[in-house]
file start.csv (CSV, C-alpha atoms and all ligand atoms)
chain,number,residue,atom,x,y,z
A,1,MET,CA,-30.4,-2.8,32.4
A,2,PRO,CA,-29.4,-2.9,28.8
A,3,THR,CA,-29.7,0.4,26.9
A,4,CYS,CA,-30.1,1.0,23.3
A,5,LYS,CA,-28.2,4.0,21.8
A,6,VAL,CA,-29.7,5.6,18.7
A,7,ILE,CA,-27.3,7.4,16.4
A,8,ALA,CA,-28.5,9.3,13.3
A,9,PHE,CA,-26.2,10.0,10.3
A,10,ALA,CA,-27.2,13.4,8.9
A,11,ASN,CA,-26.1,16.1,6.6
A,12,GLN,CA,-28.5,17.6,4.1
A,13,LYS,CA,-25.9,17.6,1.4
A,14,GLY,CA,-25.9,14.4,-0.8
A,15,GLY,CA,-22.8,12.4,-1.6
A,16,VAL,CA,-21.0,13.1,1.7
A,17,ALA,CA,-20.9,9.4,2.7
A,18,LYS,CA,-23.8,9.2,5.1
A,19,THR,CA,-25.0,5.9,3.8
A,20,THR,CA,-21.4,4.5,3.4
A,21,THR,CA,-20.7,5.5,7.0
A,22,THR,CA,-23.9,4.2,8.4
A,23,LEU,CA,-23.3,0.7,6.9
A,24,ASN,CA,-19.6,0.4,7.5
A,25,LEU,CA,-19.6,1.7,11.0
A,26,ALA,CA,-22.4,-0.6,11.8
A,27,VAL,CA,-20.5,-3.6,10.5
A,28,ALA,CA,-17.5,-2.5,12.5
A,29,PHE,CA,-19.8,-2.5,15.6
A,30,VAL,CA,-21.0,-6.0,14.8
A,31,GLU,CA,-17.4,-7.2,14.6
A,32,GLU,CA,-17.0,-5.8,18.1
A,33,GLY,CA,-19.9,-8.0,19.2
A,34,HIS,CA,-22.7,-5.4,19.3
A,35,ARG,CA,-26.2,-6.0,18.1
A,36,VAL,CA,-26.9,-3.3,15.5
A,37,LEU,CA,-30.0,-2.3,13.5
A,38,CYS,CA,-29.5,0.0,10.5
A,39,CYS,CA,-32.6,1.9,9.6
A,40,ASP,CA,-32.9,3.2,6.1
A,41,MET,CA,-34.8,6.5,6.1
A,42,ASP,CA,-33.9,7.6,2.6
A,43,PRO,CA,-36.4,6.9,-0.2
A,44,GLN,CA,-33.5,6.3,-2.5
A,45,GLY,CA,-32.9,3.1,-0.5
A,46,ASN,CA,-29.1,3.2,-1.0
A,47,LEU,CA,-28.5,1.6,2.4
A,48,THR,CA,-31.0,-1.2,1.6
A,49,MET,CA,-29.3,-1.7,-1.8
A,50,SER,CA,-25.8,-1.7,-0.3
A,51,GLN,CA,-26.7,-5.0,1.5
A,52,GLY,CA,-27.8,-6.5,-1.8
A,53,ILE,CA,-31.5,-6.0,-1.3
A,54,ASP,CA,-33.6,-4.7,-4.2
A,55,PRO,CA,-36.0,-2.1,-2.9
A,56,ASP,CA,-38.4,-2.7,-5.7
A,57,THR,CA,-39.1,-6.2,-4.5
A,58,LEU,CA,-40.1,-5.3,-1.0
A,59,ASP,CA,-43.8,-5.6,-0.1
A,60,LYS,CA,-43.4,-3.8,3.2
A,61,SER,CA,-40.9,-1.1,4.1
A,62,MET,CA,-40.2,1.9,6.3
A,63,TYR,CA,-43.2,3.7,4.7
A,64,ASP,CA,-45.6,1.2,6.2
A,65,VAL,CA,-43.8,1.5,9.6
A,66,LEU,CA,-44.2,5.3,9.6
A,67,VAL,CA,-47.6,5.6,8.0
A,68,HIS,CA,-49.4,2.4,8.7
A,69,HIS,CA,-47.7,1.7,12.1
A,70,ILE,CA,-46.8,-1.9,11.3
A,71,SER,CA,-44.0,-3.2,13.5
A,72,ILE,CA,-40.5,-2.3,12.4
A,73,ARG,CA,-39.6,-6.0,12.8
A,74,GLU,CA,-41.7,-6.7,9.8
A,75,VAL,CA,-39.4,-4.7,7.5
A,76,VAL,CA,-36.0,-5.9,8.9
A,77,LYS,CA,-33.8,-8.1,6.7
A,78,HIS,CA,-30.8,-9.9,8.2
A,79,ARG,CA,-27.6,-9.4,6.3
A,80,GLU,CA,-24.1,-8.4,7.6
A,81,VAL,CA,-26.2,-6.2,9.9
A,82,ASP,CA,-30.0,-6.0,10.4
A,83,VAL,CA,-31.5,-3.5,8.0
A,84,ALA,CA,-34.9,-1.9,8.3
A,85,CYS,CA,-35.5,-1.5,4.5
A,86,ALA,CA,-36.7,1.5,2.5
A,87,SER,CA,-38.0,1.9,-1.0
A,88,ILE,CA,-39.1,4.8,-3.2
A,89,ASP,CA,-42.6,4.9,-1.7
A,90,LEU,CA,-40.9,6.4,1.4
A,91,ALA,CA,-40.9,9.7,-0.6
A,92,GLY,CA,-44.6,9.9,0.0
A,93,ALA,CA,-44.3,9.5,3.7
A,94,GLU,CA,-43.7,13.1,4.4
A,95,ILE,CA,-47.0,14.1,2.9
A,96,ALA,CA,-48.9,11.1,4.4
A,97,MET,CA,-47.6,12.0,7.9
A,98,SER,CA,-48.0,15.7,7.5
A,99,THR,CA,-51.5,15.8,9.1
A,100,MET,CA,-50.7,13.2,11.8
A,101,ILE,CA,-50.6,14.3,15.4
A,102,GLY,CA,-47.1,13.5,16.6
A,103,ARG,CA,-45.8,13.2,13.0
A,104,GLU,CA,-42.2,14.0,14.2
A,105,ARG,CA,-42.2,11.1,16.6
A,106,GLN,CA,-43.3,8.2,14.4
A,107,LEU,CA,-39.8,6.7,14.1
A,108,GLU,CA,-39.1,7.2,17.8
A,109,LYS,CA,-42.2,5.2,18.6
A,110,ALA,CA,-41.4,2.5,16.1
A,111,LEU,CA,-37.9,2.1,17.5
A,112,LYS,CA,-39.2,1.8,21.1
A,113,GLN,CA,-40.6,-1.6,20.2
A,114,VAL,CA,-37.1,-3.0,19.4
A,115,GLU,CA,-34.9,-1.3,21.9
A,116,GLU,CA,-34.4,-4.5,23.9
A,117,ASP,CA,-33.3,-6.3,20.7
A,118,TYR,CA,-30.4,-4.1,19.9
A,119,ASP,CA,-27.5,-2.3,21.5
A,120,TYR,CA,-27.3,0.3,18.7
A,121,VAL,CA,-29.7,1.7,16.1
A,122,PHE,CA,-28.1,3.6,13.2
A,123,ILE,CA,-30.4,5.8,11.2
A,124,ASP,CA,-29.4,6.8,7.6
A,125,THR,CA,-31.1,9.9,6.5
A,126,PRO,CA,-32.0,11.5,3.1
A,127,PRO,CA,-30.2,14.6,1.8
A,128,SER,CA,-32.7,17.1,3.2
A,129,LEU,CA,-33.9,18.5,6.5
A,130,GLY,CA,-37.5,17.5,5.9
A,131,LEU,CA,-39.8,15.4,8.1
A,132,LEU,CA,-37.9,12.1,7.5
A,133,THR,CA,-34.7,13.6,8.9
A,134,ILE,CA,-36.6,15.4,11.7
A,135,ASN,CA,-38.0,12.0,12.7
A,136,ALA,CA,-34.5,10.6,12.7
A,137,LEU,CA,-33.1,13.5,14.8
A,138,THR,CA,-36.0,13.2,17.2
A,139,ALA,CA,-35.4,9.5,17.7
A,140,ALA,CA,-31.7,9.9,18.1
A,141,ASP,CA,-29.5,10.2,21.2
A,142,THR,CA,-26.6,11.5,19.1
A,143,VAL,CA,-25.8,12.5,15.5
A,144,ILE,CA,-22.8,11.7,13.4
A,145,VAL,CA,-22.2,14.3,10.7
A,146,PRO,CA,-20.1,13.1,7.7
A,147,VAL,CA,-18.6,16.1,6.0
A,148,GLN,CA,-16.8,16.2,2.7
A,149,CYS,CA,-13.8,18.3,3.1
A,150,GLU,CA,-14.5,21.3,0.9
A,151,TYR,CA,-15.5,24.8,1.8
A,152,LEU,CA,-19.0,24.7,0.2
A,153,SER,CA,-20.1,21.6,2.0
A,154,MET,CA,-19.0,23.0,5.3
A,155,ARG,CA,-21.2,26.0,5.0
A,156,GLY,CA,-24.2,23.6,5.1
A,157,LEU,CA,-23.2,22.6,8.7
A,158,VAL,CA,-24.6,25.9,10.0
A,159,GLN,CA,-28.0,25.0,8.6
A,160,LEU,CA,-27.8,21.5,10.2
A,161,GLN,CA,-26.8,23.1,13.5
A,162,ASN,CA,-29.8,25.4,13.4
A,163,THR,CA,-32.1,22.5,12.7
A,164,LEU,CA,-30.6,20.6,15.7
A,165,ALA,CA,-31.2,23.6,17.9
A,166,MET,CA,-34.8,23.6,16.8
A,167,ILE,CA,-35.1,19.9,17.5
A,168,ARG,CA,-33.6,20.4,21.0
A,169,GLU,CA,-36.0,23.2,21.8
A,170,ASN,CA,-39.1,21.4,20.6
A,171,LEU,CA,-38.8,17.7,20.4
A,172,ASN,CA,-35.6,16.1,21.8
A,173,PRO,CA,-33.8,18.3,24.4
A,174,ASP,CA,-30.9,15.9,24.9
A,175,VAL,CA,-29.8,15.2,21.3
A,176,GLU,CA,-26.1,16.0,20.8
A,177,ILE,CA,-23.5,15.8,18.1
A,178,GLU,CA,-21.5,12.6,18.6
A,179,GLY,CA,-18.9,13.9,16.1
A,180,ILE,CA,-18.1,15.5,12.8
A,181,LEU,CA,-16.5,13.0,10.4
A,182,PRO,CA,-14.2,14.2,7.6
A,183,THR,CA,-15.0,11.9,4.6
A,184,LEU,CA,-13.7,11.6,1.0
A,185,VAL,CA,-10.5,13.1,2.3
A,186,ASP,CA,-7.7,13.5,-0.2
A,187,LEU,CA,-4.7,14.6,1.8
A,188,ARG,CA,-2.7,15.4,-1.3
A,189,THR,CA,-4.7,18.5,-1.8
A,190,LEU,CA,-4.0,21.7,0.1
A,191,HIS,CA,-7.8,22.4,0.0
A,192,ALA,CA,-8.5,19.3,2.1
A,193,LYS,CA,-5.9,20.2,4.7
A,194,GLU,CA,-7.3,23.7,5.0
A,195,ALA,CA,-10.9,22.4,5.3
A,196,ILE,CA,-9.8,20.1,8.1
A,197,GLU,CA,-8.1,23.0,9.9
A,198,LEU,CA,-11.3,25.0,9.6
A,199,LEU,CA,-13.3,22.1,11.1
A,200,GLU,CA,-10.9,21.9,14.0
A,201,GLU,CA,-11.2,25.6,14.7
A,202,ASN,CA,-15.0,25.4,14.6
A,203,PHE,CA,-15.8,22.1,16.3
A,204,GLY,CA,-12.8,21.4,18.5
A,205,ASP,CA,-13.2,18.0,20.3
A,206,ARG,CA,-16.5,17.3,18.4
A,207,LEU,CA,-14.3,16.6,15.3
A,208,PHE,CA,-13.4,12.9,15.2
A,209,ALA,CA,-9.7,12.1,15.1
A,210,SER,CA,-10.6,9.4,12.4
A,211,ARG,CA,-10.5,10.5,8.8
A,212,ILE,CA,-12.0,8.5,5.9
A,213,ARG,CA,-9.8,8.8,2.9
A,214,LYS,CA,-11.0,8.7,-0.7
A,215,THR,CA,-10.6,5.2,-2.2
A,216,VAL,CA,-12.2,3.3,-5.0
A,217,ARG,CA,-13.1,0.4,-2.7
A,218,PHE,CA,-16.1,2.4,-1.5
A,219,ALA,CA,-17.6,2.5,-5.0
A,220,GLU,CA,-16.9,-1.2,-5.6
A,221,ALA,CA,-18.3,-2.7,-2.4
A,222,PRO,CA,-21.9,-1.6,-2.7
A,223,VAL,CA,-22.2,-3.0,-6.2
A,224,LYS,CA,-21.4,-6.4,-4.7
A,225,GLY,CA,-23.9,-5.8,-1.9
A,226,MET,CA,-21.2,-5.7,0.7
A,227,SER,CA,-19.6,-3.4,3.3
A,228,VAL,CA,-16.0,-2.5,2.7
A,229,LEU,CA,-15.1,-4.5,5.8
A,230,LYS,CA,-16.3,-7.6,4.1
A,231,TYR,CA,-15.2,-6.7,0.5
A,232,ASP,CA,-11.6,-5.7,1.5
A,233,PRO,CA,-11.2,-6.7,5.1
A,234,ASP,CA,-7.5,-5.8,5.4
A,235,GLY,CA,-7.7,-2.5,3.4
A,236,LEU,CA,-7.2,1.0,4.6
A,237,ALA,CA,-11.0,1.7,4.1
A,238,ALA,CA,-12.0,-1.1,6.4
A,239,HIS,CA,-9.3,-0.1,8.9
A,240,SER,CA,-10.6,3.5,9.0
A,241,TYR,CA,-14.1,2.5,9.9
A,242,ARG,CA,-12.8,0.1,12.6
A,243,GLN,CA,-10.8,3.0,14.0
A,244,LEU,CA,-13.9,5.2,14.0
A,245,ALA,CA,-15.9,2.4,15.8
A,246,LYS,CA,-13.3,2.4,18.6
A,247,GLU,CA,-13.5,6.2,18.8
A,248,VAL,CA,-17.3,6.2,19.0
A,249,LEU,CA,-17.4,3.3,21.5
A,250,SER,CA,-14.9,5.1,23.7
A,251,HIS,CA,-17.3,8.1,23.9
A,252,GLY,CA,-19.7,5.9,25.9
A,253,ASN,CA,-22.7,7.8,26.7
A,254,ARG,CA,-21.7,11.1,25.3
B,301,LIG,P1,-24.7,10.0,0.9
B,301,LIG,O1,-25.4,8.9,1.6
B,301,LIG,O2,-24.2,11.1,1.8
B,301,LIG,O3,-25.4,10.6,-0.3
B,301,LIG,P2,-22.9,7.9,0.0
B,301,LIG,O4,-22.5,7.2,1.2
B,301,LIG,O5,-24.0,7.3,-0.9
B,301,LIG,O6,-23.3,9.4,0.3
B,301,LIG,O7,-21.6,8.2,-0.9
B,301,LIG,C1,-21.7,8.9,-2.1
B,301,LIG,C2,-20.7,8.2,-3.1
B,301,LIG,O8,-19.4,8.3,-2.7
B,301,LIG,C3,-21.0,6.7,-3.3
B,301,LIG,O9,-20.9,6.4,-4.6
B,301,LIG,C4,-19.9,6.1,-2.4
B,301,LIG,O10,-19.6,4.8,-2.9
B,301,LIG,C5,-18.8,7.0,-2.6
B,301,LIG,N1,-17.9,7.1,-1.4
B,301,LIG,C6,-18.3,7.1,-0.1
B,301,LIG,N2,-17.2,7.2,0.7
B,301,LIG,C7,-16.1,7.2,-0.1
B,301,LIG,C8,-14.7,7.2,0.1
B,301,LIG,N3,-14.1,7.3,1.3
B,301,LIG,N4,-13.9,7.2,-1.0
B,301,LIG,C9,-14.4,7.1,-2.3
B,301,LIG,N5,-15.7,7.1,-2.5
B,301,LIG,C10,-16.6,7.1,-1.5
B,302,MG,MG,-27.3,8.2,1.3

call {"tool": "encode", "arguments": {"input": "start.csv", "output": "structure tokens"}}
result
Amino acid sequence: MPTCKVIAFANQKGGVAKTTTTLNLAVAFVEEGHRVLCCDMDPQGNLTMSQGIDPDTLDKSMYDVLVHHISIREVVKHREVDVACASIDLAGAEIAMSTMIGRERQLEKALKQVEEDYDYVFIDTPPSLGLLTINALTAADTVIVPVQCEYLSMRGLVQLQNTLAMIRENLNPDVEIEGILPTLVDLRTLHAKEAIELLEENFGDRLFASRIRKTVRFAEAPVKGMSVLKYDPDGLAAHSYRQLAKEVLSHGNR
């Protein structure tokens, strides 16, 4: 019996590499032979754009899946990975869904229809803990939390943990943190080392052993509509996401 594992990438802080991690980990999973769908739940459509798709040219997107209940298959584009695309109209979905019964479960329902087609679904979320992120956390089996290694962004983790506790109590009792991922790491600074120590103290074995270092490759690749694994296949950046893929795959059904 094939099972589809759903992983959400969440942190209400922007610029912590949620989208970068969603795409590059997905491509690393594809390299390992897995069938992966990336679902863009951010109205900014950065994930969609990072595969060279212009959100403004889409006639159907995740908005229509969530609000008009069209099949998610209709908004999937096939690139390095399959992407369920988003555009700016998704910003209106929270209001459009607000009076729906089961508004927190629209994404979960949409993904049920494709669970046979994929081994993994990766959900990229917007920088907020609103209804779009709640839909993602409700649909998810586990959550990967990219964290930029600085004190201020780590304080936001408490808020995310509170939201997860609420989700567990009301919507999705089994959702777990797959792991906390230090991103944009600059090991030359004392600050980054201290931040990682603090994460180790607070999260123990929930902290991934993988670290994603800061490199300019990550800014260059999306401009070309590529993952870093394709843009610079032998570089350190690609290597770190392949390493992370091995780590996540070794968790199995955690
Ligand atoms: P989020 O989705 O959390 O807002 P992004 O994935 O869009 O964050 O990343 C924010 C910015 O940081 C982007 O411009 C991205 O290219 C860049 N970036 C991501 N990871 C790295 C990295 N390891 N090193 C350098 N720049 C990075
Ligand atoms: Mg993003």

call {"tool": "atom_distance", "arguments": {"input": "start.csv", "atom1": "atom CA of A:Asn172", "atom2": "atom CA of A:Val65"}}
result
20.7 Å

call {"tool": "closest_residue", "arguments": {"input": "start.csv", "among": "A:Leu58, A:Cys149, A:Leu171, A:Leu107", "to": "A:Thr183", "atoms": "all atoms listed in the file"}}
result
A:Cys149

call {"tool": "atom_distance", "arguments": {"input": "start.csv", "atom1": "atom CA of A:Leu47", "atom2": "atom O4 of ligand LIG 301 (chain B)"}}
result
8.3 Å

call {"tool": "closest_atom_pairs", "arguments": {"input": "start.csv", "of": "chain A", "to": "ligand MG 302 (chain B)", "cutoff": "12 Å", "atoms": "all atoms listed in the file", "output": "tab-separated table"}}
result
residue	atom	partner	partner_atom	distance
A:Phe9	CA	B:MG302	MG	9.2
A:Ala10	CA	B:MG302	MG	9.2
A:Asn11	CA	B:MG302	MG	9.6
A:Gln12	CA	B:MG302	MG	9.9
A:Lys13	CA	B:MG302	MG	9.5
A:Gly14	CA	B:MG302	MG	6.7
A:Gly15	CA	B:MG302	MG	6.8
A:Val16	CA	B:MG302	MG	8.0
A:Ala17	CA	B:MG302	MG	6.7
A:Lys18	CA	B:MG302	MG	5.3
A:Thr19	CA	B:MG302	MG	4.1
A:Thr20	CA	B:MG302	MG	7.3
A:Thr21	CA	B:MG302	MG	9.1
A:Thr22	CA	B:MG302	MG	8.8
A:Leu23	CA	B:MG302	MG	10.2
A:Cys39	CA	B:MG302	MG	11.7
A:Asp40	CA	B:MG302	MG	8.9
A:Met41	CA	B:MG302	MG	9.1
A:Asp42	CA	B:MG302	MG	6.8
A:Pro43	CA	B:MG302	MG	9.3
A:Gln44	CA	B:MG302	MG	7.5
A:Gly45	CA	B:MG302	MG	7.8
A:Asn46	CA	B:MG302	MG	5.8
A:Leu47	CA	B:MG302	MG	6.8
A:Thr48	CA	B:MG302	MG	10.1
A:Met49	CA	B:MG302	MG	10.6
A:Ser50	CA	B:MG302	MG	10.1
A:Ala86	CA	B:MG302	MG	11.6
A:Ile123	CA	B:MG302	MG	10.6
A:Asp124	CA	B:MG302	MG	6.8
A:Thr125	CA	B:MG302	MG	6.7
A:Pro126	CA	B:MG302	MG	6.0
A:Pro127	CA	B:MG302	MG	7.0
A:Ser128	CA	B:MG302	MG	10.6
A:Thr133	CA	B:MG302	MG	11.9
A:Pro146	CA	B:MG302	MG	10.8
A:Pro222	CA	B:MG302	MG	11.9

call {"tool": "atom_distance", "arguments": {"input": "start.csv", "atom1": "atom CA of A:Ile134", "atom2": "atom CA of A:Glu31"}}
result
29.8 Å

call {"tool": "closest_residue", "arguments": {"input": "start.csv", "among": "A:Val114, A:Ala195, A:Ala96, A:Leu164", "to": "A:Arg73", "atoms": "all atoms listed in the file"}}
result
A:Val114

call {"tool": "closest_residue", "arguments": {"input": "start.csv", "among": "A:Lys214, A:Arg188, A:His251, A:Lys193", "to": "ligand LIG 301 (chain B)", "atoms": "all atoms listed in the file"}}
result
A:Lys214

call {"tool": "closest_residue", "arguments": {"input": "start.csv", "among": "A:Leu184, A:Leu229, A:Ile88, A:Ala26", "to": "ligand LIG 301 (chain B)", "atoms": "all atoms listed in the file"}}
result
A:Leu184

call {"tool": "residues_around", "arguments": {"input": "start.csv", "residues": "A:Met62", "least_positions_apart": "2", "cutoff": "7 Å", "atoms": "all atoms listed in the file", "output": "PyMOL selection string"}}
result
chain A and resi 64-66+75+84-86+90

call {"tool": "residues_near_point", "arguments": {"input": "start.csv", "point": "(-27.5, -5.8, 15.4)", "cutoff": "6 Å", "atoms": "all atoms listed in the file", "output": "ChimeraX atom specification"}}
result
/A:35-37,81-82,118

call {"tool": "closest_residue", "arguments": {"input": "start.csv", "among": "A:Asp186, A:Glu194, A:Glu200, A:Asp54", "to": "ligand LIG 301 (chain B)", "atoms": "all atoms listed in the file"}}
result
A:Asp186

call {"tool": "closest_residue", "arguments": {"input": "start.csv", "among": "A:Arg155, A:Lys112, A:His78, A:His68", "to": "A:Asn202", "atoms": "all atoms listed in the file"}}
result
A:Arg155

call {"tool": "residues_near_point", "arguments": {"input": "start.csv", "point": "(-29.5, 16.2, 26.1)", "cutoff": "12 Å", "atoms": "only C-alpha atoms", "output": "ChimeraX atom specification"}}
result
/A:138,140-143,164-165,167-169,171-178,253-254

call {"tool": "write_last_selection", "arguments": {"input": "start.csv", "atoms": "C-alpha atoms", "output": "PDB file, in the frame of the given file"}}
result
ATOM      1  CA  THR A 138     -36.000  13.200  17.200  1.00  0.00           C
ATOM      2  CA  ALA A 140     -31.700   9.900  18.100  1.00  0.00           C
ATOM      3  CA  ASP A 141     -29.500  10.200  21.200  1.00  0.00           C
ATOM      4  CA  THR A 142     -26.600  11.500  19.100  1.00  0.00           C
ATOM      5  CA  VAL A 143     -25.800  12.500  15.500  1.00  0.00           C
ATOM      6  CA  LEU A 164     -30.600  20.600  15.700  1.00  0.00           C
ATOM      7  CA  ALA A 165     -31.200  23.600  17.900  1.00  0.00           C
ATOM      8  CA  ILE A 167     -35.100  19.900  17.500  1.00  0.00           C
ATOM      9  CA  ARG A 168     -33.600  20.400  21.000  1.00  0.00           C
ATOM     10  CA  GLU A 169     -36.000  23.200  21.800  1.00  0.00           C
ATOM     11  CA  LEU A 171     -38.800  17.700  20.400  1.00  0.00           C
ATOM     12  CA  ASN A 172     -35.600  16.100  21.800  1.00  0.00           C
ATOM     13  CA  PRO A 173     -33.800  18.300  24.400  1.00  0.00           C
ATOM     14  CA  ASP A 174     -30.900  15.900  24.900  1.00  0.00           C
ATOM     15  CA  VAL A 175     -29.800  15.200  21.300  1.00  0.00           C
ATOM     16  CA  GLU A 176     -26.100  16.000  20.800  1.00  0.00           C
ATOM     17  CA  ILE A 177     -23.500  15.800  18.100  1.00  0.00           C
ATOM     18  CA  GLU A 178     -21.500  12.600  18.600  1.00  0.00           C
ATOM     19  CA  ASN A 253     -22.700   7.800  26.700  1.00  0.00           C
ATOM     20  CA  ARG A 254     -21.700  11.100  25.300  1.00  0.00           C
TER      21      ARG A 254
END

call {"tool": "decode", "arguments": {"input": "start.csv", "residues": "stretch 5-13 of chain A", "atoms": "all heavy atoms", "output": "PDB file, in the first residue's frame"}}
result
ATOM      1  N   LYS A   5       3.408  10.983   1.974  1.00  0.00           N
ATOM      2  CA  LYS A   5       3.717  11.780   3.171  1.00  0.00           C
ATOM      3  C   LYS A   5       3.680  13.269   2.826  1.00  0.00           C
ATOM      4  O   LYS A   5       4.276  13.687   1.838  1.00  0.00           O
ATOM      5  CB  LYS A   5       5.091  11.388   3.713  1.00  0.00           C
ATOM      6  CG  LYS A   5       5.496  12.165   4.965  1.00  0.00           C
ATOM      7  CD  LYS A   5       6.721  11.551   5.613  1.00  0.00           C
ATOM      8  CE  LYS A   5       7.186  12.390   6.789  1.00  0.00           C
ATOM      9  NZ  LYS A   5       8.302  11.764   7.520  1.00  0.00           N
ATOM     10  N   VAL A   6       2.975  14.032   3.639  1.00  0.00           N
ATOM     11  CA  VAL A   6       2.836  15.467   3.389  1.00  0.00           C
ATOM     12  C   VAL A   6       3.695  16.247   4.387  1.00  0.00           C
ATOM     13  O   VAL A   6       3.552  16.078   5.601  1.00  0.00           O
ATOM     14  CB  VAL A   6       1.356  15.909   3.516  1.00  0.00           C
ATOM     15  CG1 VAL A   6       1.229  17.405   3.262  1.00  0.00           C
ATOM     16  CG2 VAL A   6       0.471  15.119   2.551  1.00  0.00           C
ATOM     17  N   ILE A   7       4.595  17.066   3.857  1.00  0.00           N
ATOM     18  CA  ILE A   7       5.480  17.866   4.711  1.00  0.00           C
ATOM     19  C   ILE A   7       5.254  19.350   4.427  1.00  0.00           C
ATOM     20  O   ILE A   7       5.353  19.790   3.275  1.00  0.00           O
ATOM     21  CB  ILE A   7       6.971  17.527   4.474  1.00  0.00           C
ATOM     22  CG1 ILE A   7       7.227  16.025   4.676  1.00  0.00           C
ATOM     23  CG2 ILE A   7       7.857  18.342   5.413  1.00  0.00           C
ATOM     24  CD1 ILE A   7       8.678  15.588   4.441  1.00  0.00           C
ATOM     25  N   ALA A   8       4.929  20.107   5.473  1.00  0.00           N
ATOM     26  CA  ALA A   8       4.779  21.556   5.316  1.00  0.00           C
ATOM     27  C   ALA A   8       6.073  22.239   5.736  1.00  0.00           C
ATOM     28  O   ALA A   8       6.772  21.772   6.640  1.00  0.00           O
ATOM     29  CB  ALA A   8       3.621  22.061   6.177  1.00  0.00           C
ATOM     30  N   PHE A   9       6.401  23.324   5.052  1.00  0.00           N
ATOM     31  CA  PHE A   9       7.587  24.128   5.370  1.00  0.00           C
ATOM     32  C   PHE A   9       7.086  25.438   5.936  1.00  0.00           C
ATOM     33  O   PHE A   9       6.490  26.234   5.205  1.00  0.00           O
ATOM     34  CB  PHE A   9       8.437  24.328   4.112  1.00  0.00           C
ATOM     35  CG  PHE A   9       8.998  23.022   3.620  1.00  0.00           C
ATOM     36  CD1 PHE A   9       8.184  22.095   2.990  1.00  0.00           C
ATOM     37  CD2 PHE A   9      10.328  22.697   3.850  1.00  0.00           C
ATOM     38  CE1 PHE A   9       8.685  20.859   2.575  1.00  0.00           C
ATOM     39  CE2 PHE A   9      10.841  21.467   3.435  1.00  0.00           C
ATOM     40  CZ  PHE A   9      10.019  20.549   2.810  1.00  0.00           C
ATOM     41  N   ALA A  10       7.269  25.644   7.230  1.00  0.00           N
ATOM     42  CA  ALA A  10       6.615  26.787   7.856  1.00  0.00           C
ATOM     43  C   ALA A  10       7.529  27.537   8.813  1.00  0.00           C
ATOM     44  O   ALA A  10       8.385  26.955   9.484  1.00  0.00           O
ATOM     45  CB  ALA A  10       5.359  26.322   8.593  1.00  0.00           C
ATOM     46  N   ASN A  11       7.313  28.826   8.837  1.00  0.00           N
ATOM     47  CA  ASN A  11       7.897  29.757   9.791  1.00  0.00           C
ATOM     48  C   ASN A  11       7.271  31.086   9.411  1.00  0.00           C
ATOM     49  O   ASN A  11       7.341  31.484   8.238  1.00  0.00           O
ATOM     50  CB  ASN A  11       9.429  29.814   9.638  1.00  0.00           C
ATOM     51  CG  ASN A  11      10.073  30.700  10.710  1.00  0.00           C
ATOM     52  OD1 ASN A  11       9.437  31.615  11.236  1.00  0.00           O
ATOM     53  ND2 ASN A  11      11.324  30.433  11.013  1.00  0.00           N
ATOM     54  N   GLN A  12       6.632  31.742  10.369  1.00  0.00           N
ATOM     55  CA  GLN A  12       5.889  32.956  10.023  1.00  0.00           C
ATOM     56  C   GLN A  12       6.811  34.122   9.679  1.00  0.00           C
ATOM     57  O   GLN A  12       6.359  35.158   9.217  1.00  0.00           O
ATOM     58  CB  GLN A  12       4.907  33.344  11.134  1.00  0.00           C
ATOM     59  CG  GLN A  12       5.522  33.877  12.402  1.00  0.00           C
ATOM     60  CD  GLN A  12       6.018  32.778  13.336  1.00  0.00           C
ATOM     61  OE1 GLN A  12       6.172  31.619  12.962  1.00  0.00           O
ATOM     62  NE2 GLN A  12       6.287  33.140  14.578  1.00  0.00           N
ATOM     63  N   LYS A  13       8.116  33.929   9.926  1.00  0.00           N
ATOM     64  CA  LYS A  13       9.069  34.964   9.530  1.00  0.00           C
ATOM     65  C   LYS A  13       9.386  34.807   8.039  1.00  0.00           C
ATOM     66  O   LYS A  13       9.542  33.679   7.577  1.00  0.00           O
ATOM     67  CB  LYS A  13      10.340  34.819  10.355  1.00  0.00           C
ATOM     68  CG  LYS A  13      11.255  36.017  10.280  1.00  0.00           C
ATOM     69  CD  LYS A  13      12.370  35.888  11.296  1.00  0.00           C
ATOM     70  CE  LYS A  13      13.269  37.104  11.325  1.00  0.00           C
ATOM     71  NZ  LYS A  13      13.834  37.508  10.040  1.00  0.00           N
TER      72      LYS A  13
END
